[in-house]
>>> print(open('model.cif').read())   # mmCIF, C-alpha atoms and all ligand atoms; chains and numbers go by the auth columns
data_model
loop_
_atom_site.group_PDB
_atom_site.id
_atom_site.type_symbol
_atom_site.label_atom_id
_atom_site.label_comp_id
_atom_site.label_asym_id
_atom_site.label_seq_id
_atom_site.Cartn_x
_atom_site.Cartn_y
_atom_site.Cartn_z
_atom_site.B_iso_or_equiv
_atom_site.auth_seq_id
_atom_site.auth_asym_id
ATOM 1 C CA MET A 1 103.948 60.395 86.651 0.00 602 A
ATOM 2 C CA ALA A 2 104.482 64.175 86.433 0.00 603 A
ATOM 3 C CA PHE A 3 106.688 65.990 88.928 0.00 604 A
ATOM 4 C CA VAL A 4 104.153 67.554 91.316 0.00 605 A
ATOM 5 C CA LEU A 5 104.825 69.813 94.298 0.00 606 A
ATOM 6 C CA ASP A 6 101.905 71.555 95.931 0.00 607 A
ATOM 7 C CA GLU A 7 103.902 74.686 96.757 0.00 608 A
ATOM 8 C CA VAL A 8 107.036 76.538 95.669 0.00 609 A
ATOM 9 C CA VAL A 9 109.673 74.661 97.621 0.00 610 A
ATOM 10 C CA PRO A 10 113.027 75.741 99.059 0.00 611 A
ATOM 11 C CA TRP A 11 115.614 73.815 97.060 0.00 612 A
ATOM 12 C CA GLY A 12 119.123 75.056 96.287 0.00 613 A
ATOM 13 C CA ARG A 13 121.559 74.817 93.419 0.00 614 A
ATOM 14 C CA ASN A 14 125.252 75.680 93.465 0.00 615 A
ATOM 15 C CA PHE A 15 127.681 78.136 91.853 0.00 616 A
ATOM 16 C CA GLU A 16 128.677 75.846 88.949 0.00 617 A
ATOM 17 C CA GLU A 17 125.024 75.236 88.121 0.00 618 A
ATOM 18 C CA TYR A 18 124.206 78.974 88.138 0.00 619 A
ATOM 19 C CA VAL A 19 127.197 79.668 85.857 0.00 620 A
ATOM 20 C CA ALA A 20 126.028 76.982 83.411 0.00 621 A
ATOM 21 C CA MET A 21 122.257 77.682 83.610 0.00 622 A
ATOM 22 C CA PHE A 22 122.790 81.387 82.908 0.00 623 A
ATOM 23 C CA ALA A 23 125.851 81.136 80.618 0.00 624 A
ATOM 24 C CA LEU A 24 127.706 83.479 82.965 0.00 625 A
ATOM 25 C CA ALA A 25 131.011 84.759 81.531 0.00 626 A
ATOM 26 C CA PRO A 26 133.819 85.810 83.927 0.00 627 A
ATOM 27 C CA ALA A 27 132.915 89.474 83.248 0.00 628 A
ATOM 28 C CA ASP A 28 129.296 88.786 84.311 0.00 629 A
ATOM 29 C CA LEU A 29 130.525 87.826 87.783 0.00 630 A
ATOM 30 C CA GLU A 30 131.866 91.390 88.233 0.00 631 A
ATOM 31 C CA ARG A 31 128.446 92.936 87.529 0.00 632 A
ATOM 32 C CA ARG A 32 125.912 94.030 90.158 0.00 633 A
ATOM 33 C CA ILE A 33 123.841 90.833 90.356 0.00 634 A
ATOM 34 C CA LEU A 34 120.457 90.300 92.019 0.00 635 A
ATOM 35 C CA GLY A 35 119.320 86.697 92.437 0.00 636 A
ATOM 36 C CA CYS A 36 115.513 86.667 92.526 0.00 637 A
ATOM 37 C CA ALA A 37 113.953 83.662 94.307 0.00 638 A
ATOM 38 C CA ASP A 38 117.422 82.434 95.278 0.00 639 A
ATOM 39 C CA GLY A 39 116.105 80.431 98.252 0.00 640 A
ATOM 40 C CA PRO A 40 118.734 78.123 99.777 0.00 641 A
ATOM 41 C CA ALA A 41 121.004 78.155 96.676 0.00 642 A
ATOM 42 C CA SER A 42 124.720 78.517 97.449 0.00 643 A
ATOM 43 C CA PHE A 43 125.429 80.903 94.543 0.00 644 A
ATOM 44 C CA ASN A 44 125.502 83.969 96.820 0.00 645 A
ATOM 45 C CA ALA A 45 127.713 82.294 99.451 0.00 646 A
ATOM 46 C CA GLU A 46 130.114 80.918 96.854 0.00 647 A
ATOM 47 C CA MET A 47 130.296 84.252 94.985 0.00 648 A
ATOM 48 C CA HIS A 48 131.034 85.937 98.315 0.00 649 A
ATOM 49 C CA GLY A 49 133.791 83.385 98.952 0.00 650 A
ATOM 50 C CA ARG A 50 135.277 84.269 95.552 0.00 651 A
ATOM 51 C CA GLY A 51 135.289 87.983 96.380 0.00 652 A
ATOM 52 C CA HIS A 52 132.161 88.966 94.389 0.00 653 A
ATOM 53 C CA ARG A 53 128.952 90.453 95.753 0.00 654 A
ATOM 54 C CA VAL A 54 125.481 89.149 94.956 0.00 655 A
ATOM 55 C CA VAL A 55 122.236 90.238 96.573 0.00 656 A
ATOM 56 C CA SER A 56 119.653 87.442 96.874 0.00 657 A
ATOM 57 C CA LEU A 57 115.950 88.031 97.386 0.00 658 A
ATOM 58 C CA ASP A 58 113.426 85.490 98.645 0.00 659 A
ATOM 59 C CA PRO A 59 110.418 85.559 101.023 0.00 660 A
ATOM 60 C CA LEU A 60 112.040 82.578 102.730 0.00 661 A
ATOM 61 C CA TYR A 61 114.691 84.853 104.289 0.00 662 A
ATOM 62 C CA ASP A 62 112.077 86.053 106.792 0.00 663 A
ATOM 63 C CA ALA A 63 112.590 82.810 108.698 0.00 664 A
ATOM 64 C CA SER A 64 115.212 82.216 111.368 0.00 665 A
ATOM 65 C CA PRO A 65 118.240 80.035 110.505 0.00 666 A
ATOM 66 C CA ASP A 66 116.756 77.181 112.578 0.00 667 A
ATOM 67 C CA GLU A 67 113.384 77.437 110.846 0.00 668 A
ATOM 68 C CA LEU A 68 115.111 77.501 107.480 0.00 669 A
ATOM 69 C CA ALA A 69 117.140 74.394 108.316 0.00 670 A
ATOM 70 C CA ALA A 70 113.937 72.601 109.394 0.00 671 A
ATOM 71 C CA ARG A 71 112.067 73.592 106.214 0.00 672 A
ATOM 72 C CA ILE A 72 114.984 72.447 104.068 0.00 673 A
ATOM 73 C CA ASP A 73 115.012 69.100 105.872 0.00 674 A
ATOM 74 C CA THR A 74 111.276 68.574 105.322 0.00 675 A
ATOM 75 C CA THR A 75 111.563 69.521 101.655 0.00 676 A
ATOM 76 C CA PHE A 76 114.587 67.326 101.089 0.00 677 A
ATOM 77 C CA ASP A 77 112.825 63.979 101.518 0.00 678 A
ATOM 78 C CA LYS A 78 109.773 65.169 99.603 0.00 679 A
ATOM 79 C CA VAL A 79 111.751 66.368 96.567 0.00 680 A
ATOM 80 C CA MET A 80 114.112 63.387 96.577 0.00 681 A
ATOM 81 C CA THR A 81 111.111 61.014 96.564 0.00 682 A
ATOM 82 C CA GLN A 82 109.647 62.878 93.581 0.00 683 A
ATOM 83 C CA ALA A 83 113.031 62.892 91.803 0.00 684 A
ATOM 84 C CA HIS A 84 113.359 59.134 92.320 0.00 685 A
ATOM 85 C CA ARG A 85 109.860 58.496 90.937 0.00 686 A
ATOM 86 C CA ASN A 86 110.585 60.695 87.933 0.00 687 A
ATOM 87 C CA ARG A 87 114.223 59.667 87.356 0.00 688 A
ATOM 88 C CA ASP A 88 113.603 58.971 83.642 0.00 689 A
ATOM 89 C CA THR A 89 112.868 62.655 83.046 0.00 690 A
ATOM 90 C CA PHE A 90 116.434 63.697 84.009 0.00 691 A
ATOM 91 C CA VAL A 91 119.726 63.431 82.151 0.00 692 A
ATOM 92 C CA TRP A 92 122.125 61.620 84.505 0.00 693 A
ATOM 93 C CA GLN A 93 125.412 62.993 83.245 0.00 694 A
ATOM 94 C CA ASN A 94 127.008 65.753 85.352 0.00 695 A
ATOM 95 C CA ILE A 95 124.724 64.686 88.174 0.00 696 A
ATOM 96 C CA ARG A 96 125.381 60.950 88.019 0.00 697 A
ATOM 97 C CA SER A 97 122.665 59.390 90.178 0.00 698 A
ATOM 98 C CA ILE A 98 119.885 60.042 92.684 0.00 699 A
ATOM 99 C CA GLU A 99 122.475 59.651 95.475 0.00 700 A
ATOM 100 C CA HIS A 100 124.783 62.182 93.792 0.00 701 A
ATOM 101 C CA LEU A 101 121.827 64.578 93.394 0.00 702 A
ATOM 102 C CA GLY A 102 121.149 64.292 97.113 0.00 703 A
ATOM 103 C CA GLU A 103 124.809 64.951 97.933 0.00 704 A
ATOM 104 C CA ILE A 104 125.193 68.074 95.817 0.00 705 A
ATOM 105 C CA ARG A 105 121.840 69.585 96.859 0.00 706 A
ATOM 106 C CA ARG A 106 122.610 68.945 100.557 0.00 707 A
ATOM 107 C CA ALA A 107 126.091 70.486 100.136 0.00 708 A
ATOM 108 C CA ALA A 108 124.682 73.590 98.407 0.00 709 A
ATOM 109 C CA MET A 109 122.009 74.115 101.069 0.00 710 A
ATOM 110 C CA GLN A 110 124.500 73.569 103.914 0.00 711 A
ATOM 111 C CA THR A 111 126.774 76.204 102.336 0.00 712 A
ATOM 112 C CA PHE A 112 123.798 78.571 102.167 0.00 713 A
ATOM 113 C CA LEU A 113 122.792 77.886 105.785 0.00 714 A
ATOM 114 C CA ALA A 114 126.345 78.511 107.015 0.00 715 A
ATOM 115 C CA ASP A 115 126.474 81.862 105.188 0.00 716 A
ATOM 116 C CA PHE A 116 122.902 83.025 105.894 0.00 717 A
ATOM 117 C CA PRO A 117 123.286 84.802 109.292 0.00 718 A
ATOM 118 C CA GLU A 118 126.321 86.845 108.198 0.00 719 A
ATOM 119 C CA GLY A 119 124.889 87.477 104.718 0.00 720 A
ATOM 120 C CA LEU A 120 121.553 88.629 106.127 0.00 721 A
ATOM 121 C CA HIS A 121 123.347 91.079 108.404 0.00 722 A
ATOM 122 C CA ALA A 122 125.407 92.357 105.459 0.00 723 A
ATOM 123 C CA GLY A 123 122.288 92.877 103.314 0.00 724 A
ATOM 124 C CA ARG A 124 123.232 90.118 100.870 0.00 725 A
ATOM 125 C CA TYR A 125 120.006 88.216 101.676 0.00 726 A
ATOM 126 C CA VAL A 126 116.869 90.333 101.420 0.00 727 A
ATOM 127 C CA PRO A 127 113.521 88.981 102.681 0.00 728 A
ATOM 128 C CA ALA A 128 111.041 90.201 100.052 0.00 729 A
ATOM 129 C CA ALA A 129 108.819 88.807 97.321 0.00 730 A
ATOM 130 C CA LEU A 130 107.888 89.465 93.748 0.00 731 A
ATOM 131 C CA PRO A 131 106.001 91.254 92.296 0.00 732 A
ATOM 132 C CA GLU A 132 107.614 94.101 94.259 0.00 733 A
ATOM 133 C CA LEU A 133 111.370 94.459 94.444 0.00 734 A
ATOM 134 C CA PRO A 134 112.493 96.861 97.197 0.00 735 A
ATOM 135 C CA PHE A 135 115.224 98.454 95.069 0.00 736 A
ATOM 136 C CA PRO A 136 115.513 101.693 93.049 0.00 737 A
ATOM 137 C CA ASP A 137 115.369 101.709 89.230 0.00 738 A
ATOM 138 C CA ARG A 138 118.468 100.214 87.589 0.00 739 A
ATOM 139 C CA SER A 139 120.186 99.447 90.888 0.00 740 A
ATOM 140 C CA PHE A 140 121.489 96.169 89.419 0.00 741 A
ATOM 141 C CA ASP A 141 123.107 95.246 86.102 0.00 742 A
ATOM 142 C CA LEU A 142 121.819 91.685 85.948 0.00 743 A
ATOM 143 C CA ILE A 143 118.968 89.721 87.551 0.00 744 A
ATOM 144 C CA LEU A 144 119.126 85.917 87.608 0.00 745 A
ATOM 145 C CA CYS A 145 115.993 83.934 88.359 0.00 746 A
ATOM 146 C CA SER A 146 116.426 80.171 88.616 0.00 747 A
ATOM 147 C CA HIS A 147 113.639 77.637 89.049 0.00 748 A
ATOM 148 C CA TYR A 148 110.791 79.991 89.875 0.00 749 A
ATOM 149 C CA LEU A 149 109.284 81.803 86.857 0.00 750 A
ATOM 150 C CA PHE A 150 108.075 79.487 84.060 0.00 751 A
ATOM 151 C CA LEU A 151 108.795 76.432 86.245 0.00 752 A
ATOM 152 C CA TYR A 152 105.707 77.209 88.347 0.00 753 A
ATOM 153 C CA SER A 153 103.532 77.898 85.289 0.00 754 A
ATOM 154 C CA GLU A 154 100.476 76.300 86.847 0.00 755 A
ATOM 155 C CA GLN A 155 100.706 78.416 89.981 0.00 756 A
ATOM 156 C CA LEU A 156 101.555 81.713 88.217 0.00 757 A
ATOM 157 C CA SER A 157 99.569 83.054 85.247 0.00 758 A
ATOM 158 C CA ALA A 158 101.097 84.636 82.130 0.00 759 A
ATOM 159 C CA ASP A 159 99.992 88.048 83.457 0.00 760 A
ATOM 160 C CA GLU A 160 101.762 87.412 86.774 0.00 761 A
ATOM 161 C CA HIS A 161 104.907 86.415 84.864 0.00 762 A
ATOM 162 C CA LEU A 162 104.699 89.630 82.879 0.00 763 A
ATOM 163 C CA THR A 163 104.233 91.768 85.992 0.00 764 A
ATOM 164 C CA ASP A 164 107.212 90.092 87.688 0.00 765 A
ATOM 165 C CA LEU A 165 109.410 90.494 84.604 0.00 766 A
ATOM 166 C CA GLU A 166 108.430 94.166 84.142 0.00 767 A
ATOM 167 C CA GLU A 167 109.455 94.778 87.745 0.00 768 A
ATOM 168 C CA MET A 168 112.784 93.040 87.126 0.00 769 A
ATOM 169 C CA CYS A 169 113.315 95.183 83.997 0.00 770 A
ATOM 170 C CA ARG A 170 112.754 98.280 86.143 0.00 771 A
ATOM 171 C CA VAL A 171 115.489 97.236 88.559 0.00 772 A
ATOM 172 C CA ALA A 172 118.129 95.854 86.148 0.00 773 A
ATOM 173 C CA GLY A 173 119.310 96.359 82.588 0.00 774 A
ATOM 174 C CA GLU A 174 119.328 92.635 81.931 0.00 775 A
ATOM 175 C CA VAL A 175 117.324 89.663 83.206 0.00 776 A
ATOM 176 C CA ARG A 176 118.001 85.952 82.681 0.00 777 A
ATOM 177 C CA ILE A 177 115.494 83.211 83.514 0.00 778 A
ATOM 178 C CA TYR A 178 116.046 79.438 83.606 0.00 779 A
ATOM 179 C CA PRO A 179 114.393 76.986 83.007 0.00 780 A
ATOM 180 C CA LEU A 180 111.649 77.595 80.456 0.00 781 A
ATOM 181 C CA GLN A 181 109.985 74.254 81.210 0.00 782 A
ATOM 182 C CA ALA A 182 107.093 73.890 83.625 0.00 783 A
ATOM 183 C CA LEU A 183 107.319 71.503 86.575 0.00 784 A
ATOM 184 C CA SER A 184 105.432 68.856 84.580 0.00 785 A
ATOM 185 C CA GLY A 185 108.332 68.792 82.079 0.00 786 A
ATOM 186 C CA VAL A 186 106.491 70.422 79.171 0.00 787 A
ATOM 187 C CA PRO A 187 107.622 73.780 77.698 0.00 788 A
ATOM 188 C CA SER A 188 105.934 76.552 79.682 0.00 789 A
ATOM 189 C CA PRO A 189 102.865 77.828 77.805 0.00 790 A
ATOM 190 C CA HIS A 190 103.640 81.323 79.120 0.00 791 A
ATOM 191 C CA VAL A 191 106.946 81.790 77.292 0.00 792 A
ATOM 192 C CA GLU A 192 105.547 82.758 73.902 0.00 793 A
ATOM 193 C CA PRO A 193 102.894 85.283 75.061 0.00 794 A
ATOM 194 C CA VAL A 194 105.264 86.771 77.637 0.00 795 A
ATOM 195 C CA VAL A 195 108.073 87.220 75.066 0.00 796 A
ATOM 196 C CA ALA A 196 105.617 88.902 72.684 0.00 797 A
ATOM 197 C CA ALA A 197 104.243 91.186 75.417 0.00 798 A
ATOM 198 C CA LEU A 198 107.740 92.174 76.578 0.00 799 A
ATOM 199 C CA GLY A 199 108.655 93.061 72.977 0.00 800 A
ATOM 200 C CA ALA A 200 105.524 95.189 72.672 0.00 801 A
ATOM 201 C CA ARG A 201 106.579 97.028 75.840 0.00 802 A
ATOM 202 C CA GLY A 202 109.997 97.955 74.446 0.00 803 A
ATOM 203 C CA HIS A 203 112.143 95.185 75.958 0.00 804 A
ATOM 204 C CA ARG A 204 114.219 92.759 73.884 0.00 805 A
ATOM 205 C CA ALA A 205 113.603 89.153 74.891 0.00 806 A
ATOM 206 C CA GLU A 206 115.350 86.202 73.261 0.00 807 A
ATOM 207 C CA ILE A 207 115.551 82.495 73.976 0.00 808 A
ATOM 208 C CA MET A 208 119.172 81.363 74.103 0.00 809 A
ATOM 209 C CA PRO A 209 120.823 77.928 74.332 0.00 810 A
ATOM 210 C CA VAL A 210 122.769 77.136 77.507 0.00 811 A
ATOM 211 C CA ASP A 211 125.319 74.449 78.277 0.00 812 A
ATOM 212 C CA TYR A 212 123.249 73.010 81.141 0.00 813 A
ATOM 213 C CA GLN A 213 120.729 70.231 81.197 0.00 814 A
ATOM 214 C CA PHE A 214 119.388 68.236 84.096 0.00 815 A
ATOM 215 C CA ARG A 215 115.685 68.022 83.290 0.00 816 A
ATOM 216 C CA ARG A 216 115.594 66.408 79.830 0.00 817 A
ATOM 217 C CA ASP A 217 115.281 68.918 76.938 0.00 818 A
ATOM 218 C CA SER A 218 115.709 71.891 79.274 0.00 819 A
ATOM 219 C CA ARG A 219 118.594 73.611 77.516 0.00 820 A
ATOM 220 C CA THR A 220 117.447 77.196 77.021 0.00 821 A
ATOM 221 C CA MET A 221 117.168 80.388 79.053 0.00 822 A
ATOM 222 C CA LEU A 222 115.266 83.607 78.441 0.00 823 A
ATOM 223 C CA ARG A 223 117.475 86.711 78.215 0.00 824 A
ATOM 224 C CA ILE A 224 115.777 90.097 78.407 0.00 825 A
ATOM 225 C CA LEU A 225 117.455 93.421 77.722 0.00 826 A
ATOM 226 C CA SER A 226 115.365 96.077 79.442 0.00 827 A
ATOM 227 C CA GLY A 227 114.038 98.846 77.225 0.00 828 A
ATOM 228 C CA ALA A 228 114.959 102.473 77.938 0.00 829 A
ATOM 229 C CA ARG A 229 112.800 104.025 80.643 0.00 830 A
HETATM 230 C C1 LIG B . 112.751 75.929 93.754 0.00 901 B
HETATM 231 S S1 LIG B . 113.369 77.266 94.717 0.00 901 B
HETATM 232 C C2 LIG B . 114.707 77.805 93.667 0.00 901 B
HETATM 233 C C3 LIG B . 115.891 78.323 94.470 0.00 901 B
HETATM 234 C C4 LIG B . 117.107 78.749 93.641 0.00 901 B
HETATM 235 N N1 LIG B . 116.794 79.824 92.740 0.00 901 B
HETATM 236 C C5 LIG B . 117.708 77.605 92.886 0.00 901 B
HETATM 237 O O1 LIG B . 117.480 77.477 91.674 0.00 901 B
HETATM 238 O O2 LIG B . 118.406 76.795 93.513 0.00 901 B
HETATM 239 C C6 LIG B . 112.101 78.499 94.421 0.00 901 B
HETATM 240 C C7 LIG B . 112.182 79.683 95.363 0.00 901 B
HETATM 241 O O3 LIG B . 111.191 80.650 94.982 0.00 901 B
HETATM 242 C C8 LIG B . 110.868 81.369 96.160 0.00 901 B
HETATM 243 N N2 LIG B . 109.656 82.181 95.980 0.00 901 B
HETATM 244 C C9 LIG B . 108.365 81.808 96.148 0.00 901 B
HETATM 245 N N3 LIG B . 107.546 82.855 95.921 0.00 901 B
HETATM 246 C C10 LIG B . 108.331 83.924 95.607 0.00 901 B
HETATM 247 C C11 LIG B . 108.064 85.294 95.285 0.00 901 B
HETATM 248 N N4 LIG B . 106.827 85.790 95.230 0.00 901 B
HETATM 249 N N5 LIG B . 109.115 86.108 95.026 0.00 901 B
HETATM 250 C C12 LIG B . 110.383 85.638 95.078 0.00 901 B
HETATM 251 N N6 LIG B . 110.688 84.348 95.378 0.00 901 B
HETATM 252 C C13 LIG B . 109.676 83.493 95.635 0.00 901 B
HETATM 253 C C14 LIG B . 110.724 80.271 97.184 0.00 901 B
HETATM 254 O O4 LIG B . 110.789 80.766 98.511 0.00 901 B
HETATM 255 C C15 LIG B . 111.902 79.358 96.821 0.00 901 B
HETATM 256 O O5 LIG B . 113.042 79.630 97.604 0.00 901 B
#
>>> encode(input="model.cif", output="structure tokens")
Amino acid sequence: MAFVLDEVVPWGRNFEEYVAMFALAPADLERRILGCADGPASFNAEMHGRGHRVVSLDPLYDASPDELAARIDTTFDKVMTQAHRNRDTFVWQNIRSIEHLGEIRRAAMQTFLADFPEGLHAGRYVPAALPELPFPDRSFDLILCSHYLFLYSEQLSADEHLTDLEEMCRVAGEVRIYPLQALSGVPSPHVEPVVAALGARGHRAEIMPVDYQFRRDSRTMLRILSGAR
């Protein structure tokens, strides 16, 4: 049975996963990073704890900490049930089992929740939504977008992907997207037309291997170098 969620759910990954998914080198961590659709991931909190600054953007940050905790709780059981049903579609290596998956996702989201009030106050969590990013041109060096674009290929058309990516290219010199698989597990049908359209608009988009795999055969990211404006 395919992995089916009727909406884009709040679900959070951790620092090590972001580093691996986006092939982040130590020098990348020093750059001005915007995490688009960061939701309850702990990347921002953990980067902050390491002395780096990340700004995360997500419409979810409109909610109060209590509301967020409640939504995460509701999502948790739903996603874990789906993961259990679809356990053959994952590679159980770094994440060893369904129980281990539950532990590391809970830990990441708890770390996010603990950091959220202070981070919101400090402007590290920005409640906003694509396709409009409330930032000036080139105000970031690098945008990371994990488990939103291409994953939700049924919910978002190729044109919507292109609009979102153009907006990201306005705001940052480089954009990295992971994964390139849709939620059903098949390669996103939008990747090829979107890469071609970005090239035609003066951006350089390439598919690159990464040293991360949890969903089977999901070992590539899209890296876009924004064209001159
Ligand atoms: C599956 S979560 C991924 C969270 C995080 N990036 C990670 O990989 O752990 C997807 C996130 O996309 C966010 N989202 C939904 N619509 C969005 C939009 N229009 N712009 C930005 N983020 C959006 C959701 O609120 C949710 O937090």
>>> resolve_selection(input="model.cif", expression="the PyMOL selection byres (((chain A and resi 702-713) around 7) and not hetatm)", output="number ranges by chain")
A: 613-615, 641-643, 646, 696, 698-701, 714-717
>>> closest_residue(input="model.cif", among="A:Arg725, A:Arg817, A:Arg688, A:Arg824", to="Gly636 in chain A", atoms="all atoms listed in the file")
A:Arg725
>>> residues_near_ligand(input="model.cif", ligand="ligand LIG 901 (chain B)", cutoff="8 Å", atoms="all atoms listed in the file", output="list in words")
Val609, Val610, Pro611, Trp612, Gly613, Arg614, Asn615, Tyr619, Gly636, Cys637, Ala638, Asp639, Gly640, Pro641, Ala642, Ser643, Leu658, Asp659, Pro660, Leu661, Ala729, Ala730, Leu731, Pro732, Cys746, Ser747, His748 and Tyr749 of chain A
>>> write_last_selection(input="model.cif", atoms="C-alpha atoms", output="PDB file, in the coordinates of the input")
ATOM      1  CA  VAL A 609     107.036  76.538  95.669  1.00  0.00           C
ATOM      2  CA  VAL A 610     109.673  74.661  97.621  1.00  0.00           C
ATOM      3  CA  PRO A 611     113.027  75.741  99.059  1.00  0.00           C
ATOM      4  CA  TRP A 612     115.614  73.815  97.060  1.00  0.00           C
ATOM      5  CA  GLY A 613     119.123  75.056  96.287  1.00  0.00           C
ATOM      6  CA  ARG A 614     121.559  74.817  93.419  1.00  0.00           C
ATOM      7  CA  ASN A 615     125.252  75.680  93.465  1.00  0.00           C
ATOM      8  CA  TYR A 619     124.206  78.974  88.138  1.00  0.00           C
ATOM      9  CA  GLY A 636     119.320  86.697  92.437  1.00  0.00           C
ATOM     10  CA  CYS A 637     115.513  86.667  92.526  1.00  0.00           C
ATOM     11  CA  ALA A 638     113.953  83.662  94.307  1.00  0.00           C
ATOM     12  CA  ASP A 639     117.422  82.434  95.278  1.00  0.00           C
ATOM     13  CA  GLY A 640     116.105  80.431  98.252  1.00  0.00           C
ATOM     14  CA  PRO A 641     118.734  78.123  99.777  1.00  0.00           C
ATOM     15  CA  ALA A 642     121.004  78.155  96.676  1.00  0.00           C
ATOM     16  CA  SER A 643     124.720  78.517  97.449  1.00  0.00           C
ATOM     17  CA  LEU A 658     115.950  88.031  97.386  1.00  0.00           C
ATOM     18  CA  ASP A 659     113.426  85.490  98.645  1.00  0.00           C
ATOM     19  CA  PRO A 660     110.418  85.559 101.023  1.00  0.00           C
ATOM     20  CA  LEU A 661     112.040  82.578 102.730  1.00  0.00           C
ATOM     21  CA  ALA A 729     111.041  90.201 100.052  1.00  0.00           C
ATOM     22  CA  ALA A 730     108.819  88.807  97.321  1.00  0.00           C
ATOM     23  CA  LEU A 731     107.888  89.465  93.748  1.00  0.00           C
ATOM     24  CA  PRO A 732     106.001  91.254  92.296  1.00  0.00           C
ATOM     25  CA  CYS A 746     115.993  83.934  88.359  1.00  0.00           C
ATOM     26  CA  SER A 747     116.426  80.171  88.616  1.00  0.00           C
ATOM     27  CA  HIS A 748     113.639  77.637  89.049  1.00  0.00           C
ATOM     28  CA  TYR A 749     110.791  79.991  89.875  1.00  0.00           C
TER      29      TYR A 749
END
>>> closest_residue(input="model.cif", among="A:His762, A:Arg633, A:Arg672, A:Arg651", to="Ala798 in chain A", atoms="only C-alpha atoms")
A:His762
>>> resolve_selection(input="model.cif", expression="the PyMOL selection byres (((chain A and resi 781-784) around 6) and not hetatm)", output="list in words")
Phe751, Leu752, Tyr753, Ser754, Tyr779, Pro780, Ser785, Gly786, Val787, Pro788 and Ser789 of chain A
>>> residues_near_point(input="model.cif", point="(121.9, 98.3, 82.6)", cutoff="7 Å", atoms="all atoms listed in the file", output="PyMOL selection string")
chain A and resi 739+742+773-775
>>> atom_distance(input="model.cif", atom1="CA of Val792 in chain A", atom2="CA of Val776 in chain A")
14.3 Å
>>> closest_residue(input="model.cif", among="A:Asp738, A:Val620, A:Pro790, A:Asp678", to="Leu757 in chain A", atoms="all atoms listed in the file")
A:Pro790
>>> resolve_selection(input="model.cif", expression="the PyMOL selection byres (((chain A and resi 808) around 6) and not hetatm)", output="list of chain:residue names")
A:Glu807, A:Met809, A:Met822, A:Leu823
>>> closest_residue(input="model.cif", among="A:Val811, A:Val692, A:Ala670, A:Ile825", to="Glu618 in chain A", atoms="only C-alpha atoms")
A:Val811
>>> closest_residue(input="model.cif", among="A:Leu669, A:Ala621, A:Val795, A:Val727", to="Val656 in chain A", atoms="only C-alpha atoms")
A:Val727
>>> axis_aligned_box(input="model.cif", around="range 728-744 of chain A", padding_each_side="3 Å", output="AutoDock Vina command-line options")
--center_x 114.6 --center_y 95.3 --center_z 94.3 --size_x 23.1 --size_y 18.9 --size_z 22.7
>>> closest_residue(input="model.cif", among="A:Asp674, A:Phe741, A:Gln683, A:Glu617", to="Val655 in chain A", atoms="all atoms listed in the file")
A:Phe741
